[in-house]
Amino acid sequence: MRNHLYIIRGLPGSGKSTLAKALGFKVIEADQFFTHGGVYTFDATLLREAHEWCIKHTRNCLEYQNVIVANTFSTQRELQPYIDMAKDMKAQITVMDLYDGGYSDEDLAKFNVHHVPLHMIQNMRARWQFGWRY
């Protein structure tokens with residue numbers, strides 16, 4: 001049986017992590033890279049490294065089990081390495097797009113657990129890509 005890669009994309013505060021945990025498979029998020037001893041410490045200079053870690057960790061885990069990746073994925077370029085990985089590994093793939101979860105930018109700024117500021121959420125919304133296929 002082929003393993004399954006579930007990808008959950010959405011703006012900060014839209015419910016990605018909550019949904020991922022509810023599905024009950026291995027959950028991988030770039031934010032995990034910034035969490036040490038239960039403490040989240042974001043460093044924008046390490047963002048590229050965090051996403052490289054996320055891709056590598058996903059590939060390693062997907063060999064043995066179903067995996068959920070929950071990241072913002074505002075553009076197809078950000079998601080493409082995961083789509084390519086799933087195809088290369090002959091894994092099934094499901095992309096779930098929560099976008100904003102029906103919330104305003106102000107609500108998302110209040111709800112997101114990593115304190116992403118309003119202006120960053122607005123920037124992500126402005127570059128959000130809809131309607132592409134994988």
# chains A, B, ... in the order shown; residues from 1 in each chain; ligands from 1
call {"tool": "select_by_dssp", "arguments": {"residues": "chain A", "states": "alpha helix (DSSP H)", "output": "short mmCIF file (atom, residue, chain, number, x, y, z; two decimals) with all heavy atoms, in the first residue's frame"}}
result
data_model
loop_
_atom_site.label_atom_id
_atom_site.label_comp_id
_atom_site.auth_asym_id
_atom_site.auth_seq_id
_atom_site.Cartn_x
_atom_site.Cartn_y
_atom_site.Cartn_z
N LYS A 16 -4.61 25.20 10.65
CA LYS A 16 -3.79 24.14 10.05
C LYS A 16 -3.35 23.10 11.07
O LYS A 16 -3.55 21.91 10.89
CB LYS A 16 -2.56 24.73 9.36
CG LYS A 16 -2.84 25.64 8.20
CD LYS A 16 -1.56 26.18 7.58
CE LYS A 16 -0.68 26.93 8.54
NZ LYS A 16 -1.23 28.19 9.05
N SER A 17 -2.72 23.57 12.14
CA SER A 17 -2.20 22.64 13.15
C SER A 17 -3.31 21.88 13.84
O SER A 17 -3.18 20.68 14.12
CB SER A 17 -1.36 23.40 14.18
OG SER A 17 -0.23 23.97 13.55
N THR A 18 -4.40 22.54 14.12
CA THR A 18 -5.54 21.89 14.78
C THR A 18 -6.08 20.76 13.91
O THR A 18 -6.31 19.65 14.40
CB THR A 18 -6.64 22.93 15.07
OG1 THR A 18 -6.09 23.95 15.91
CG2 THR A 18 -7.84 22.29 15.74
N LEU A 19 -6.27 21.02 12.63
CA LEU A 19 -6.75 19.99 11.71
C LEU A 19 -5.72 18.87 11.59
O LEU A 19 -6.09 17.69 11.62
CB LEU A 19 -7.05 20.59 10.33
CG LEU A 19 -7.46 19.60 9.24
CD1 LEU A 19 -8.70 18.81 9.65
CD2 LEU A 19 -7.69 20.33 7.92
N ALA A 20 -4.45 19.22 11.45
CA ALA A 20 -3.41 18.21 11.30
C ALA A 20 -3.41 17.24 12.48
O ALA A 20 -3.36 16.02 12.29
CB ALA A 20 -2.05 18.88 11.15
N LYS A 21 -3.48 17.77 13.68
CA LYS A 21 -3.48 16.92 14.87
C LYS A 21 -4.72 16.04 14.92
O LYS A 21 -4.67 14.88 15.34
CB LYS A 21 -3.36 17.77 16.12
CG LYS A 21 -2.00 18.41 16.25
CD LYS A 21 -1.96 19.40 17.39
CE LYS A 21 -0.64 20.17 17.35
NZ LYS A 21 -0.66 21.34 18.21
N ALA A 22 -5.85 16.56 14.48
CA ALA A 22 -7.11 15.80 14.52
C ALA A 22 -7.08 14.61 13.55
O ALA A 22 -7.76 13.61 13.79
CB ALA A 22 -8.28 16.71 14.19
N LEU A 23 -6.31 14.71 12.47
CA LEU A 23 -6.27 13.63 11.49
C LEU A 23 -5.50 12.41 11.97
O LEU A 23 -5.68 11.31 11.47
CB LEU A 23 -5.70 14.14 10.16
CG LEU A 23 -6.58 15.15 9.43
CD1 LEU A 23 -5.86 15.72 8.21
CD2 LEU A 23 -7.90 14.53 9.03
N LEU A 47 14.85 30.76 8.18
CA LEU A 47 13.62 30.29 7.54
C LEU A 47 13.89 29.31 6.39
O LEU A 47 13.24 28.28 6.27
CB LEU A 47 12.79 31.47 7.06
CG LEU A 47 11.32 31.21 6.79
CD1 LEU A 47 10.64 30.55 7.97
CD2 LEU A 47 10.62 32.51 6.45
N ARG A 48 14.86 29.61 5.56
CA ARG A 48 15.20 28.70 4.46
C ARG A 48 15.65 27.35 5.00
O ARG A 48 15.23 26.29 4.52
CB ARG A 48 16.30 29.29 3.58
CG ARG A 48 16.74 28.35 2.46
CD ARG A 48 17.80 28.99 1.63
NE ARG A 48 17.20 30.06 0.86
CZ ARG A 48 17.28 30.16 -0.44
NH1 ARG A 48 17.98 29.29 -1.12
NH2 ARG A 48 16.69 31.14 -1.08
N GLU A 49 16.49 27.37 6.02
CA GLU A 49 16.96 26.13 6.64
C GLU A 49 15.80 25.35 7.26
O GLU A 49 15.75 24.12 7.18
CB GLU A 49 18.00 26.47 7.71
CG GLU A 49 18.71 25.26 8.26
CD GLU A 49 19.82 25.64 9.24
OE1 GLU A 49 20.33 26.77 9.20
OE2 GLU A 49 20.16 24.76 10.07
N ALA A 50 14.84 26.06 7.85
CA ALA A 50 13.67 25.41 8.45
C ALA A 50 12.86 24.68 7.38
O ALA A 50 12.41 23.54 7.61
CB ALA A 50 12.80 26.44 9.17
N HIS A 51 12.68 25.30 6.23
CA HIS A 51 11.90 24.65 5.18
C HIS A 51 12.67 23.51 4.54
O HIS A 51 12.08 22.49 4.17
CB HIS A 51 11.43 25.68 4.15
CG HIS A 51 10.26 26.47 4.67
ND1 HIS A 51 8.99 25.95 4.77
CD2 HIS A 51 10.18 27.73 5.16
CE1 HIS A 51 8.18 26.84 5.28
NE2 HIS A 51 8.88 27.94 5.54
N GLU A 52 13.99 23.62 4.44
CA GLU A 52 14.80 22.50 3.95
C GLU A 52 14.70 21.32 4.90
O GLU A 52 14.59 20.17 4.48
CB GLU A 52 16.25 22.94 3.76
CG GLU A 52 16.43 23.87 2.58
CD GLU A 52 17.82 24.49 2.51
OE1 GLU A 52 18.67 24.21 3.40
OE2 GLU A 52 18.06 25.26 1.57
N TRP A 53 14.75 21.61 6.22
CA TRP A 53 14.58 20.57 7.23
C TRP A 53 13.22 19.91 7.08
O TRP A 53 13.10 18.67 7.16
CB TRP A 53 14.73 21.18 8.64
CG TRP A 53 14.36 20.22 9.73
CD1 TRP A 53 15.17 19.31 10.33
CD2 TRP A 53 13.05 20.05 10.31
NE1 TRP A 53 14.45 18.59 11.26
CE2 TRP A 53 13.16 19.02 11.26
CE3 TRP A 53 11.82 20.67 10.12
CZ2 TRP A 53 12.07 18.61 12.03
CZ3 TRP A 53 10.74 20.26 10.87
CH2 TRP A 53 10.87 19.23 11.81
N CYS A 54 12.19 20.70 6.88
CA CYS A 54 10.82 20.19 6.77
C CYS A 54 10.69 19.25 5.57
O CYS A 54 10.10 18.18 5.68
CB CYS A 54 9.85 21.37 6.66
SG CYS A 54 8.12 20.91 6.85
N ILE A 55 11.26 19.64 4.45
CA ILE A 55 11.22 18.79 3.24
C ILE A 55 11.95 17.47 3.49
O ILE A 55 11.43 16.39 3.20
CB ILE A 55 11.80 19.54 2.03
CG1 ILE A 55 10.88 20.69 1.62
CG2 ILE A 55 12.04 18.58 0.86
CD1 ILE A 55 11.50 21.67 0.65
N LYS A 56 13.15 17.56 4.05
CA LYS A 56 13.95 16.36 4.30
C LYS A 56 13.26 15.43 5.31
O LYS A 56 13.19 14.21 5.10
CB LYS A 56 15.32 16.76 4.82
CG LYS A 56 16.24 15.60 5.07
CD LYS A 56 17.60 16.05 5.56
CE LYS A 56 18.49 14.86 5.85
NZ LYS A 56 19.80 15.26 6.35
N HIS A 57 12.75 16.00 6.37
CA HIS A 57 12.07 15.20 7.40
C HIS A 57 10.80 14.54 6.83
O HIS A 57 10.52 13.37 7.12
CB HIS A 57 11.74 16.08 8.60
CG HIS A 57 11.34 15.35 9.83
ND1 HIS A 57 12.11 14.35 10.39
CD2 HIS A 57 10.25 15.47 10.61
CE1 HIS A 57 11.50 13.88 11.47
NE2 HIS A 57 10.37 14.54 11.63
N THR A 58 10.09 15.27 5.99
CA THR A 58 8.89 14.71 5.35
C THR A 58 9.26 13.52 4.48
O THR A 58 8.61 12.46 4.55
CB THR A 58 8.17 15.79 4.52
OG1 THR A 58 7.78 16.85 5.39
CG2 THR A 58 6.96 15.23 3.81
N ARG A 59 10.29 13.67 3.68
CA ARG A 59 10.72 12.57 2.80
C ARG A 59 11.08 11.33 3.63
O ARG A 59 10.67 10.22 3.32
CB ARG A 59 11.89 12.99 1.92
CG ARG A 59 12.39 11.86 1.01
CD ARG A 59 13.51 12.30 0.10
NE ARG A 59 13.03 13.14 -0.98
CZ ARG A 59 12.46 12.70 -2.09
NH1 ARG A 59 12.26 11.40 -2.26
NH2 ARG A 59 12.09 13.53 -3.03
N ASN A 60 11.85 11.53 4.68
CA ASN A 60 12.27 10.40 5.52
C ASN A 60 11.08 9.69 6.13
O ASN A 60 11.02 8.45 6.15
CB ASN A 60 13.23 10.87 6.61
CG ASN A 60 14.58 11.28 6.06
OD1 ASN A 60 14.96 10.91 4.97
ND2 ASN A 60 15.30 12.08 6.83
N CYS A 61 10.14 10.44 6.65
CA CYS A 61 8.97 9.85 7.30
C CYS A 61 8.00 9.22 6.31
O CYS A 61 7.39 8.19 6.59
CB CYS A 61 8.24 10.90 8.15
SG CYS A 61 9.20 11.42 9.60
N LEU A 62 7.87 9.82 5.13
CA LEU A 62 6.91 9.34 4.14
C LEU A 62 7.29 7.96 3.60
O LEU A 62 6.44 7.22 3.12
CB LEU A 62 6.79 10.35 2.99
CG LEU A 62 5.68 10.11 1.98
CD1 LEU A 62 4.31 10.08 2.66
CD2 LEU A 62 5.72 11.20 0.90
N GLN A 76 2.42 28.34 -5.18
CA GLN A 76 2.69 27.02 -5.72
C GLN A 76 4.18 26.69 -5.63
O GLN A 76 4.56 25.55 -5.39
CB GLN A 76 2.22 26.90 -7.17
CG GLN A 76 2.39 25.49 -7.71
CD GLN A 76 1.70 25.25 -9.02
OE1 GLN A 76 1.01 26.11 -9.52
NE2 GLN A 76 1.88 24.08 -9.57
N ARG A 77 5.02 27.70 -5.77
CA ARG A 77 6.47 27.48 -5.69
C ARG A 77 6.85 26.87 -4.33
O ARG A 77 7.72 26.02 -4.25
CB ARG A 77 7.22 28.80 -5.92
CG ARG A 77 8.73 28.68 -5.85
CD ARG A 77 9.42 30.04 -5.91
NE ARG A 77 9.02 30.92 -4.84
CZ ARG A 77 9.52 30.88 -3.59
NH1 ARG A 77 10.41 29.98 -3.28
NH2 ARG A 77 9.10 31.74 -2.67
N GLU A 78 6.18 27.31 -3.27
CA GLU A 78 6.47 26.78 -1.93
C GLU A 78 6.00 25.35 -1.78
O GLU A 78 6.60 24.57 -1.04
CB GLU A 78 5.79 27.66 -0.88
CG GLU A 78 6.34 29.07 -0.83
CD GLU A 78 5.48 30.02 -0.02
OE1 GLU A 78 4.34 29.66 0.37
OE2 GLU A 78 5.94 31.15 0.22
N LEU A 79 4.95 24.99 -2.46
CA LEU A 79 4.36 23.67 -2.35
C LEU A 79 4.98 22.65 -3.30
O LEU A 79 4.99 21.45 -3.03
CB LEU A 79 2.85 23.77 -2.62
CG LEU A 79 2.01 22.53 -2.46
CD1 LEU A 79 2.18 21.91 -1.09
CD2 LEU A 79 0.55 22.86 -2.71
N GLN A 80 5.54 23.12 -4.40
CA GLN A 80 6.01 22.24 -5.47
C GLN A 80 6.99 21.16 -5.02
O GLN A 80 6.89 20.01 -5.46
CB GLN A 80 6.59 23.05 -6.62
CG GLN A 80 6.70 22.25 -7.91
CD GLN A 80 5.34 21.78 -8.42
OE1 GLN A 80 4.40 22.55 -8.51
NE2 GLN A 80 5.24 20.50 -8.74
N PRO A 81 7.95 21.45 -4.13
CA PRO A 81 8.86 20.36 -3.71
C PRO A 81 8.14 19.18 -3.07
O PRO A 81 8.56 18.03 -3.24
CB PRO A 81 9.80 21.04 -2.70
CG PRO A 81 9.73 22.49 -3.03
CD PRO A 81 8.34 22.74 -3.56
N TYR A 82 7.06 19.43 -2.39
CA TYR A 82 6.29 18.35 -1.75
C TYR A 82 5.50 17.56 -2.78
O TYR A 82 5.38 16.34 -2.69
CB TYR A 82 5.36 18.92 -0.67
CG TYR A 82 6.13 19.53 0.47
CD1 TYR A 82 6.50 20.87 0.45
CD2 TYR A 82 6.51 18.75 1.56
CE1 TYR A 82 7.22 21.43 1.49
CE2 TYR A 82 7.23 19.31 2.61
CZ TYR A 82 7.59 20.64 2.57
OH TYR A 82 8.30 21.18 3.60
N ILE A 83 4.95 18.26 -3.76
CA ILE A 83 4.23 17.58 -4.83
C ILE A 83 5.19 16.69 -5.61
O ILE A 83 4.90 15.53 -5.89
CB ILE A 83 3.54 18.61 -5.75
CG1 ILE A 83 2.43 19.32 -4.96
CG2 ILE A 83 3.00 17.94 -7.00
CD1 ILE A 83 1.84 20.52 -5.66
N ASP A 84 6.37 17.24 -5.94
CA ASP A 84 7.38 16.46 -6.65
C ASP A 84 7.82 15.25 -5.83
O ASP A 84 7.99 14.15 -6.37
CB ASP A 84 8.59 17.33 -7.00
CG ASP A 84 8.26 18.43 -8.00
OD1 ASP A 84 7.22 18.34 -8.69
OD2 ASP A 84 9.06 19.40 -8.09
N MET A 85 8.01 15.45 -4.54
CA MET A 85 8.40 14.36 -3.65
C MET A 85 7.36 13.25 -3.66
O MET A 85 7.71 12.07 -3.79
CB MET A 85 8.56 14.90 -2.22
CG MET A 85 8.81 13.83 -1.18
SD MET A 85 8.60 14.42 0.53
CE MET A 85 9.38 16.00 0.52
N ALA A 86 6.11 13.60 -3.52
CA ALA A 86 5.04 12.60 -3.50
C ALA A 86 5.01 11.82 -4.81
O ALA A 86 4.86 10.59 -4.80
CB ALA A 86 3.70 13.26 -3.24
N LYS A 87 5.16 12.52 -5.92
CA LYS A 87 5.18 11.84 -7.21
C LYS A 87 6.38 10.91 -7.32
O LYS A 87 6.24 9.77 -7.76
CB LYS A 87 5.18 12.86 -8.34
CG LYS A 87 3.85 13.56 -8.51
CD LYS A 87 3.90 14.58 -9.63
CE LYS A 87 2.55 15.28 -9.78
NZ LYS A 87 2.57 16.31 -10.84
N ASP A 88 7.56 11.39 -6.92
CA ASP A 88 8.77 10.56 -6.98
C ASP A 88 8.64 9.30 -6.13
O ASP A 88 9.12 8.24 -6.49
CB ASP A 88 9.99 11.34 -6.49
CG ASP A 88 10.43 12.43 -7.44
OD1 ASP A 88 9.98 12.43 -8.62
OD2 ASP A 88 11.22 13.30 -7.02
N ASP A 105 -8.24 39.32 8.61
CA ASP A 105 -6.82 39.42 8.95
C ASP A 105 -6.62 39.75 10.42
O ASP A 105 -5.72 39.22 11.07
CB ASP A 105 -6.14 40.48 8.08
CG ASP A 105 -6.08 40.08 6.62
OD1 ASP A 105 -6.28 38.89 6.30
OD2 ASP A 105 -5.83 40.97 5.78
N GLU A 106 -7.47 40.61 10.94
CA GLU A 106 -7.36 40.99 12.36
C GLU A 106 -7.61 39.79 13.27
O GLU A 106 -6.89 39.60 14.27
CB GLU A 106 -8.35 42.12 12.69
CG GLU A 106 -8.00 43.46 12.04
CD GLU A 106 -8.37 43.54 10.55
OE1 GLU A 106 -9.13 42.69 10.04
OE2 GLU A 106 -7.87 44.47 9.87
N ASP A 107 -8.60 38.97 12.91
CA ASP A 107 -8.87 37.76 13.70
C ASP A 107 -7.69 36.79 13.61
O ASP A 107 -7.29 36.20 14.62
CB ASP A 107 -10.15 37.07 13.23
CG ASP A 107 -11.41 37.81 13.61
OD1 ASP A 107 -11.36 38.61 14.59
OD2 ASP A 107 -12.44 37.59 12.96
N LEU A 108 -7.16 36.61 12.41
CA LEU A 108 -6.02 35.70 12.23
C LEU A 108 -4.83 36.15 13.06
O LEU A 108 -4.12 35.33 13.65
CB LEU A 108 -5.64 35.59 10.75
CG LEU A 108 -6.68 34.91 9.85
CD1 LEU A 108 -6.30 35.08 8.39
CD2 LEU A 108 -6.83 33.44 10.21
N ALA A 109 -4.61 37.47 13.13
CA ALA A 109 -3.50 38.00 13.92
C ALA A 109 -3.71 37.69 15.40
O ALA A 109 -2.74 37.45 16.14
CB ALA A 109 -3.36 39.50 13.70
N LYS A 110 -4.95 37.65 15.85
CA LYS A 110 -5.25 37.31 17.25
C LYS A 110 -5.14 35.81 17.51
O LYS A 110 -4.68 35.40 18.57
CB LYS A 110 -6.68 37.75 17.61
CG LYS A 110 -6.88 39.21 17.74
CD LYS A 110 -8.34 39.49 18.13
CE LYS A 110 -8.82 40.76 17.51
NZ LYS A 110 -10.27 40.95 17.64
N PHE A 111 -5.60 34.99 16.55
CA PHE A 111 -5.71 33.55 16.75
C PHE A 111 -4.39 32.80 16.59
O PHE A 111 -4.21 31.75 17.20
CB PHE A 111 -6.70 32.93 15.76
CG PHE A 111 -8.11 33.39 15.92
CD1 PHE A 111 -8.98 33.33 14.84
CD2 PHE A 111 -8.60 33.87 17.12
CE1 PHE A 111 -10.29 33.75 14.96
CE2 PHE A 111 -9.91 34.28 17.25
CZ PHE A 111 -10.76 34.23 16.16
N LEU A 118 -0.12 41.42 12.06
CA LEU A 118 -1.16 41.73 11.07
C LEU A 118 -0.57 42.03 9.70
O LEU A 118 -1.05 41.50 8.69
CB LEU A 118 -2.02 42.90 11.56
CG LEU A 118 -3.11 43.40 10.62
CD1 LEU A 118 -4.12 42.30 10.34
CD2 LEU A 118 -3.80 44.62 11.23
N HIS A 119 0.45 42.87 9.62
CA HIS A 119 1.00 43.24 8.31
C HIS A 119 1.57 42.04 7.56
O HIS A 119 1.50 41.97 6.34
CB HIS A 119 2.03 44.38 8.44
CG HIS A 119 3.35 43.95 8.98
ND1 HIS A 119 3.60 43.84 10.34
CD2 HIS A 119 4.50 43.62 8.36
CE1 HIS A 119 4.85 43.46 10.53
NE2 HIS A 119 5.41 43.31 9.35
N MET A 120 2.12 41.05 8.28
CA MET A 120 2.65 39.85 7.61
C MET A 120 1.50 38.98 7.09
O MET A 120 1.60 38.42 5.99
CB MET A 120 3.51 39.04 8.59
CG MET A 120 4.79 39.75 9.00
SD MET A 120 5.90 40.03 7.61
CE MET A 120 6.35 38.38 7.19
N ILE A 121 0.43 38.89 7.84
CA ILE A 121 -0.74 38.14 7.38
C ILE A 121 -1.32 38.80 6.14
O ILE A 121 -1.68 38.14 5.16
CB ILE A 121 -1.79 38.01 8.51
CG1 ILE A 121 -1.23 37.10 9.61
CG2 ILE A 121 -3.12 37.49 7.98
CD1 ILE A 121 -2.04 37.06 10.88
N GLN A 122 -1.39 40.12 6.14
CA GLN A 122 -1.89 40.86 4.97
C GLN A 122 -1.00 40.61 3.75
O GLN A 122 -1.51 40.44 2.64
CB GLN A 122 -1.98 42.34 5.29
CG GLN A 122 -3.08 42.65 6.29
CD GLN A 122 -3.02 44.07 6.83
OE1 GLN A 122 -1.95 44.68 6.94
NE2 GLN A 122 -4.18 44.59 7.22
N ASN A 123 0.31 40.57 3.96
CA ASN A 123 1.24 40.29 2.85
C ASN A 123 1.03 38.88 2.30
O ASN A 123 1.04 38.67 1.08
CB ASN A 123 2.69 40.45 3.30
CG ASN A 123 3.09 41.88 3.54
OD1 ASN A 123 2.40 42.81 3.10
ND2 ASN A 123 4.18 42.08 4.26
N MET A 124 0.84 37.91 3.19
CA MET A 124 0.61 36.53 2.75
C MET A 124 -0.70 36.42 1.98
O MET A 124 -0.77 35.74 0.95
CB MET A 124 0.60 35.58 3.95
CG MET A 124 1.95 35.33 4.55
SD MET A 124 1.82 34.15 5.91
CE MET A 124 2.79 34.99 7.14
N ARG A 125 -1.73 37.09 2.47
CA ARG A 125 -3.02 37.06 1.77
C ARG A 125 -2.88 37.66 0.37
O ARG A 125 -3.43 37.13 -0.60
CB ARG A 125 -4.08 37.82 2.56
CG ARG A 125 -5.47 37.74 1.93
CD ARG A 125 -6.50 38.61 2.63
NE ARG A 125 -6.83 38.18 3.97
CZ ARG A 125 -7.77 37.29 4.27
NH1 ARG A 125 -8.46 36.69 3.32
NH2 ARG A 125 -8.04 36.99 5.53
N ALA A 126 -2.12 38.74 0.25
CA ALA A 126 -1.96 39.43 -1.04
C ALA A 126 -1.26 38.55 -2.08
O ALA A 126 -1.53 38.67 -3.27
CB ALA A 126 -1.19 40.73 -0.84
N ARG A 127 -0.38 37.65 -1.62
CA ARG A 127 0.34 36.80 -2.59
C ARG A 127 -0.26 35.40 -2.71
O ARG A 127 0.28 34.55 -3.42
CB ARG A 127 1.82 36.75 -2.25
CG ARG A 127 2.18 35.94 -1.03
CD ARG A 127 3.70 35.80 -0.92
NE ARG A 127 4.04 34.95 0.17
CZ ARG A 127 4.43 35.34 1.37
NH1 ARG A 127 4.55 36.61 1.63
NH2 ARG A 127 4.72 34.45 2.31
#
call {"tool": "atom_distance", "arguments": {"atom1": "atom CA of A:Trp128", "atom2": "atom CA of A:Leu5"}}
result
21.6 Å
call {"tool": "residues_around", "arguments": {"residues": "A:Val69", "least_positions_apart": "6", "cutoff": "7 Å", "atoms": "only C-alpha atoms", "output": "NGL selection string"}}
result
:A and (6-8 or 27-29)
call {"tool": "select_by_dssp", "arguments": {"residues": "chain A", "states": "strand (DSSP E or B)", "output": "ChimeraX atom specification"}}
result
/A:4-10,26-28,35-36,39-40,67-71,92-99
call {"tool": "residues_around", "arguments": {"residues": "A:Phe34", "least_positions_apart": "3", "cutoff": "9 Å", "atoms": "only C-alpha atoms", "output": "ChimeraX atom specification"}}
result
/A:30-31,39-43,46,50
call {"tool": "closest_residue", "arguments": {"among": "A:Thr72, A:Gly102, A:Arg2, A:Arg9", "to": "A:Lys90", "atoms": "only C-alpha atoms"}}
result
A:Arg2
call {"tool": "closest_residue", "arguments": {"among": "A:Leu11, A:Leu98, A:Ala91, A:Val116", "to": "A:Tyr64", "atoms": "only C-alpha atoms"}}
result
A:Ala91
call {"tool": "atom_distance", "arguments": {"atom1": "atom CA of A:Gly38", "atom2": "atom CA of A:Val67"}}
result
21.5 Å
call {"tool": "residues_around", "arguments": {"residues": "A:Gly10", "least_positions_apart": "3", "cutoff": "8 Å", "atoms": "only C-alpha atoms", "output": "PDB file with C-alpha atoms, in the first residue's frame"}}
result
ATOM      1  CA  SER A  14      -6.612  29.426  10.019  1.00  0.00           C
ATOM      2  CA  GLY A  15      -6.532  26.088  11.858  1.00  0.00           C
ATOM      3  CA  LYS A  16      -3.794  24.140  10.050  1.00  0.00           C
ATOM      4  CA  ASN A  71       2.636  25.080   6.519  1.00  0.00           C
ATOM      5  CA  THR A  72       1.394  28.321   5.027  1.00  0.00           C
ATOM      6  CA  PHE A  73       2.193  27.368   1.387  1.00  0.00           C
ATOM      7  CA  SER A  74       0.888  30.660   0.000  1.00  0.00           C
ATOM      8  CA  ASP A  97      -6.579  24.612   1.478  1.00  0.00           C
ATOM      9  CA  LEU A  98      -7.926  26.343   4.567  1.00  0.00           C
ATOM     10  CA  TYR A  99      -6.941  29.784   3.195  1.00  0.00           C
ATOM     11  CA  ASP A 100      -8.237  32.095   5.947  1.00  0.00           C
ATOM     12  CA  GLY A 101     -10.699  29.736   7.647  1.00  0.00           C
TER      13      GLY A 101
END
call {"tool": "atom_distance", "arguments": {"atom1": "atom CA of A:Gln92", "atom2": "atom CA of A:Gly131"}}
result
19.8 Å
call {"tool": "decode", "arguments": {"residues": "stretch 76-82 of chain A", "atoms": "all heavy atoms", "output": "tab-separated table (two decimals), in the first residue's frame"}}
result
chain	number	residue	atom	x	y	z
A	76	GLN	N	2.42	28.34	-5.18
A	76	GLN	CA	2.69	27.02	-5.72
A	76	GLN	C	4.18	26.69	-5.63
A	76	GLN	O	4.56	25.55	-5.39
A	76	GLN	CB	2.22	26.90	-7.17
A	76	GLN	CG	2.39	25.49	-7.71
A	76	GLN	CD	1.70	25.25	-9.02
A	76	GLN	OE1	1.01	26.11	-9.52
A	76	GLN	NE2	1.88	24.08	-9.57
A	77	ARG	N	5.02	27.70	-5.77
A	77	ARG	CA	6.47	27.48	-5.69
A	77	ARG	C	6.85	26.87	-4.33
A	77	ARG	O	7.72	26.02	-4.25
A	77	ARG	CB	7.22	28.80	-5.92
A	77	ARG	CG	8.73	28.68	-5.85
A	77	ARG	CD	9.42	30.04	-5.91
A	77	ARG	NE	9.02	30.92	-4.84
A	77	ARG	CZ	9.52	30.88	-3.59
A	77	ARG	NH1	10.41	29.98	-3.28
A	77	ARG	NH2	9.10	31.74	-2.67
A	78	GLU	N	6.18	27.31	-3.27
A	78	GLU	CA	6.47	26.78	-1.93
A	78	GLU	C	6.00	25.35	-1.78
A	78	GLU	O	6.60	24.57	-1.04
A	78	GLU	CB	5.79	27.66	-0.88
A	78	GLU	CG	6.34	29.07	-0.83
A	78	GLU	CD	5.48	30.02	-0.02
A	78	GLU	OE1	4.34	29.66	0.37
A	78	GLU	OE2	5.94	31.15	0.22
A	79	LEU	N	4.95	24.99	-2.46
A	79	LEU	CA	4.36	23.67	-2.35
A	79	LEU	C	4.98	22.65	-3.30
A	79	LEU	O	4.99	21.45	-3.03
A	79	LEU	CB	2.85	23.77	-2.62
A	79	LEU	CG	2.01	22.53	-2.46
A	79	LEU	CD1	2.18	21.91	-1.09
A	79	LEU	CD2	0.55	22.86	-2.71
A	80	GLN	N	5.54	23.12	-4.40
A	80	GLN	CA	6.01	22.24	-5.47
A	80	GLN	C	6.99	21.16	-5.02
A	80	GLN	O	6.89	20.01	-5.46
A	80	GLN	CB	6.59	23.05	-6.62
A	80	GLN	CG	6.70	22.25	-7.91
A	80	GLN	CD	5.34	21.78	-8.42
A	80	GLN	OE1	4.40	22.55	-8.51
A	80	GLN	NE2	5.24	20.50	-8.74
A	81	PRO	N	7.95	21.45	-4.13
A	81	PRO	CA	8.86	20.36	-3.71
A	81	PRO	C	8.14	19.18	-3.07
A	81	PRO	O	8.56	18.03	-3.24
A	81	PRO	CB	9.80	21.04	-2.70
A	81	PRO	CG	9.73	22.49	-3.03
A	81	PRO	CD	8.34	22.74	-3.56
A	82	TYR	N	7.06	19.43	-2.39
A	82	TYR	CA	6.29	18.35	-1.75
A	82	TYR	C	5.50	17.56	-2.78
A	82	TYR	O	5.38	16.34	-2.69
A	82	TYR	CB	5.36	18.92	-0.67
A	82	TYR	CG	6.13	19.53	0.47
A	82	TYR	CD1	6.50	20.87	0.45
A	82	TYR	CD2	6.51	18.75	1.56
A	82	TYR	CE1	7.22	21.43	1.49
A	82	TYR	CE2	7.23	19.31	2.61
A	82	TYR	CZ	7.59	20.64	2.57
A	82	TYR	OH	8.30	21.18	3.60
